[in-house]
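The structure appears below as structure tokens.
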Amino acid sequence: MTARVLRRIAVTAAAALVAGGLSIVDGSPAAAAATGYVRLAHLSPDTDPVDVYLTSLANAFPRKVFPGVAYGVVSAYQQLPTGTYAVSMRLAGHPESENPVLTTEVTVAGGKAYTVAGVGKNSELGLKVINDDLALPPSGKSKVRIVQASITAPLLDVSVAGGATIATGVPFAATTAYQNVAPGKWTLQLQPTNGGQASTLGAELGSGNVYSLIVLDKAGGGLKVELRVDARRQGGVPAGGVDTGAGGTSRGSALPAILGGLLVLLVGAGLIVMMSRRLRTRRA
Amino acid sequence: MSRAPTGRRGRRRTVFAALVILVVTGAAGTLAVRHALAATPVASWVEGSFFDLPLTNPATVGGGATGPPTRVRIPKIGVDSSLESLRLDRQNELETPKDYARAGWYSDGTAPGDPGPAVIAGHVDNRRGPAVFYKLHELKAGDIVEILRGGAWLTFHVTGTAWYAKSRFPTAQVYGPTPDAQLRLITCGGEFNPSRGSYTDNLVVYAATTGGF
């Protein structure tokens, strides 16, 4: 009888404690998405198409192949787990058993992006890892940079048609830093620094977006210019987090739960002591 | 008389056992309060099949679905909700769904399936109990989130989850531009501050159409 009563007290106390303290998730900090982005590019005007292999050194995912990449091709970004990857290049169609023409490694950090590009003239071809800064531009701005892969215009000036200069003397095989510019419709003019035919390009830049202006040699002469959206978003940037909860499943602060728990323990212990005393008294 | 000592010892044992039960359940109770339902989010990766890299960034996925998203479905946690339209308020903060049982899409922002970070927010609870995103913390890398847009279901894979103190919310990371179609599911957690009427933390679940590696 006594044991049953005690057990009932214990069970009730525990139930009260758990019920009173029921709460939702813990706000412990944790790892964000541990991913980055990699894309591949062929920016060597006189190099034949190549097959590009991307291998995770940590075996984070199966090897990827990017077949028949010709001059001027810039692949889509691939979202990848963080870690180090080997990039190797063979002439298109050559078997994997052959030694690659070029190899390099790219280490992907969380939230970062990279373009691994074959750059330079074929005689001095190299694989270059370019850091792409896809971070949110300052409020109300777009970010643009120039990827210069034209050998017919070994030095290039870029300006707004009839307006401000954006960059001067950008050398072949170079990539400029990103520049913050006002969004909107632009006509860009590209002029070889040492003379020659200029090219123009209509460009519409969206606020908050990141662009690469890729300058290539056009087959048959002149420049081929492509404005590439590296990263985009839409709408105003929300300020901070979101207030999505009314507290109905919360314990509030942990303190009341702990105090409540202690109180239940004290009362329970008191009852037990009282009862065992009463039992002893009755026996005596 | 001969049974008395045994009886007393028995009762003492019962008393002792009851005390132990009380202490253990009591302690477990308070601990459980803090950790039982707390999913510790750990980034993990899903094995995918071999595939070739695409040549160009797709403008959209899911057969070029257009128009606003109308529904979100998360099979693992039993979410199947129509979507409210959310805007920014005067402080530029994201509004929350008026209906605690429905999720909402930030409709001035990226639409799910378009390149960029599409944002969907839902309440974790109302004043009395769980709301639409109560179990969002149970999601792990690889889990599927489906969005109905223009009559087609778009499939996203969870790539990671993170808890952030609202006071240190990484705006650029969550809302910044992305090369591909991304999804951010957001709800609340952490401590509830009754005087402010809000939770201290946000849970952000990151998902992508390309998330299944």
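Ordering of the structure tokens sets the chain letters (A, B, ...), residue numbers begin anew at 1 in every chain, and ligands are numbered from 1 in the order given.
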
Can you pull out every residue from segment 16-160 of chain A that DSSP, working from the backbone, puts in helix (DSSP H, G or I), and format the result as a list in words?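 Helix (DSSP H, G or I) members of segment 16-160 of chain A, listed: Ala16, Leu17, Val18, Ala19, Gly20, Gly21, Asn122, Ser123 and Glu124 of chain A.
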
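If you count only C-alpha atoms and ignore residues fewer than 6 places along the chain from segment 127-141 of chain A, what sits within 7 Å of it is Leu102, Thr103, Thr104, Val106, Ala113, Tyr114, Thr115, Val116, Ala117, Gly118, Val119, Asn180, Val181, Ala182, Pro183, Ser207, Gly208, Val210 and Ala231 of chain A; Ala172, Gly176 and Pro177 of chain B.
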
Given only C-alpha atoms as the basis, pick out the residue of B:Thr178, B:Ser81, B:Asn126, B:Thr187 nearest to Lys112 of chain A. B:Thr178

If we count only C-alpha atoms, what is near Pro238 of chain A at a cut-off of 9 Å, once residues fewer than 4 positions away on the same chain are taken out, given as a list in words?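 Near neighbours after the sequence-gap exclusion: Val242 of chain A; Leu88, Gln91, Asn92, Glu93, Leu94, Thr171 and Tyr175 of chain B.
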
As an NGL selection string, please: every residue in segment 55-198 of chain B that a backbone DSSP assignment puts in strand (DSSP E). :B and (69-74 or 79-86 or 103-106 or 116-121 or 144-149 or 152-165 or 181-193 or 198)

Residue contacts of Ala86 of chain A (6 Å, only C-alpha atoms) excluding same-chain residues fewer than 6 positions away, as a list in words: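 Within the cut-off, the hits are Leu54, Thr55, Thr104 and Glu105 of chain A.
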
Point-to-point distance in Å for atom CA of Arg73 of chain B and atom CA of Arg127 of chain B: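 Atom CA of Arg73 of chain B lies at a distance of 24.0 Å from atom CA of Arg127 of chain B.
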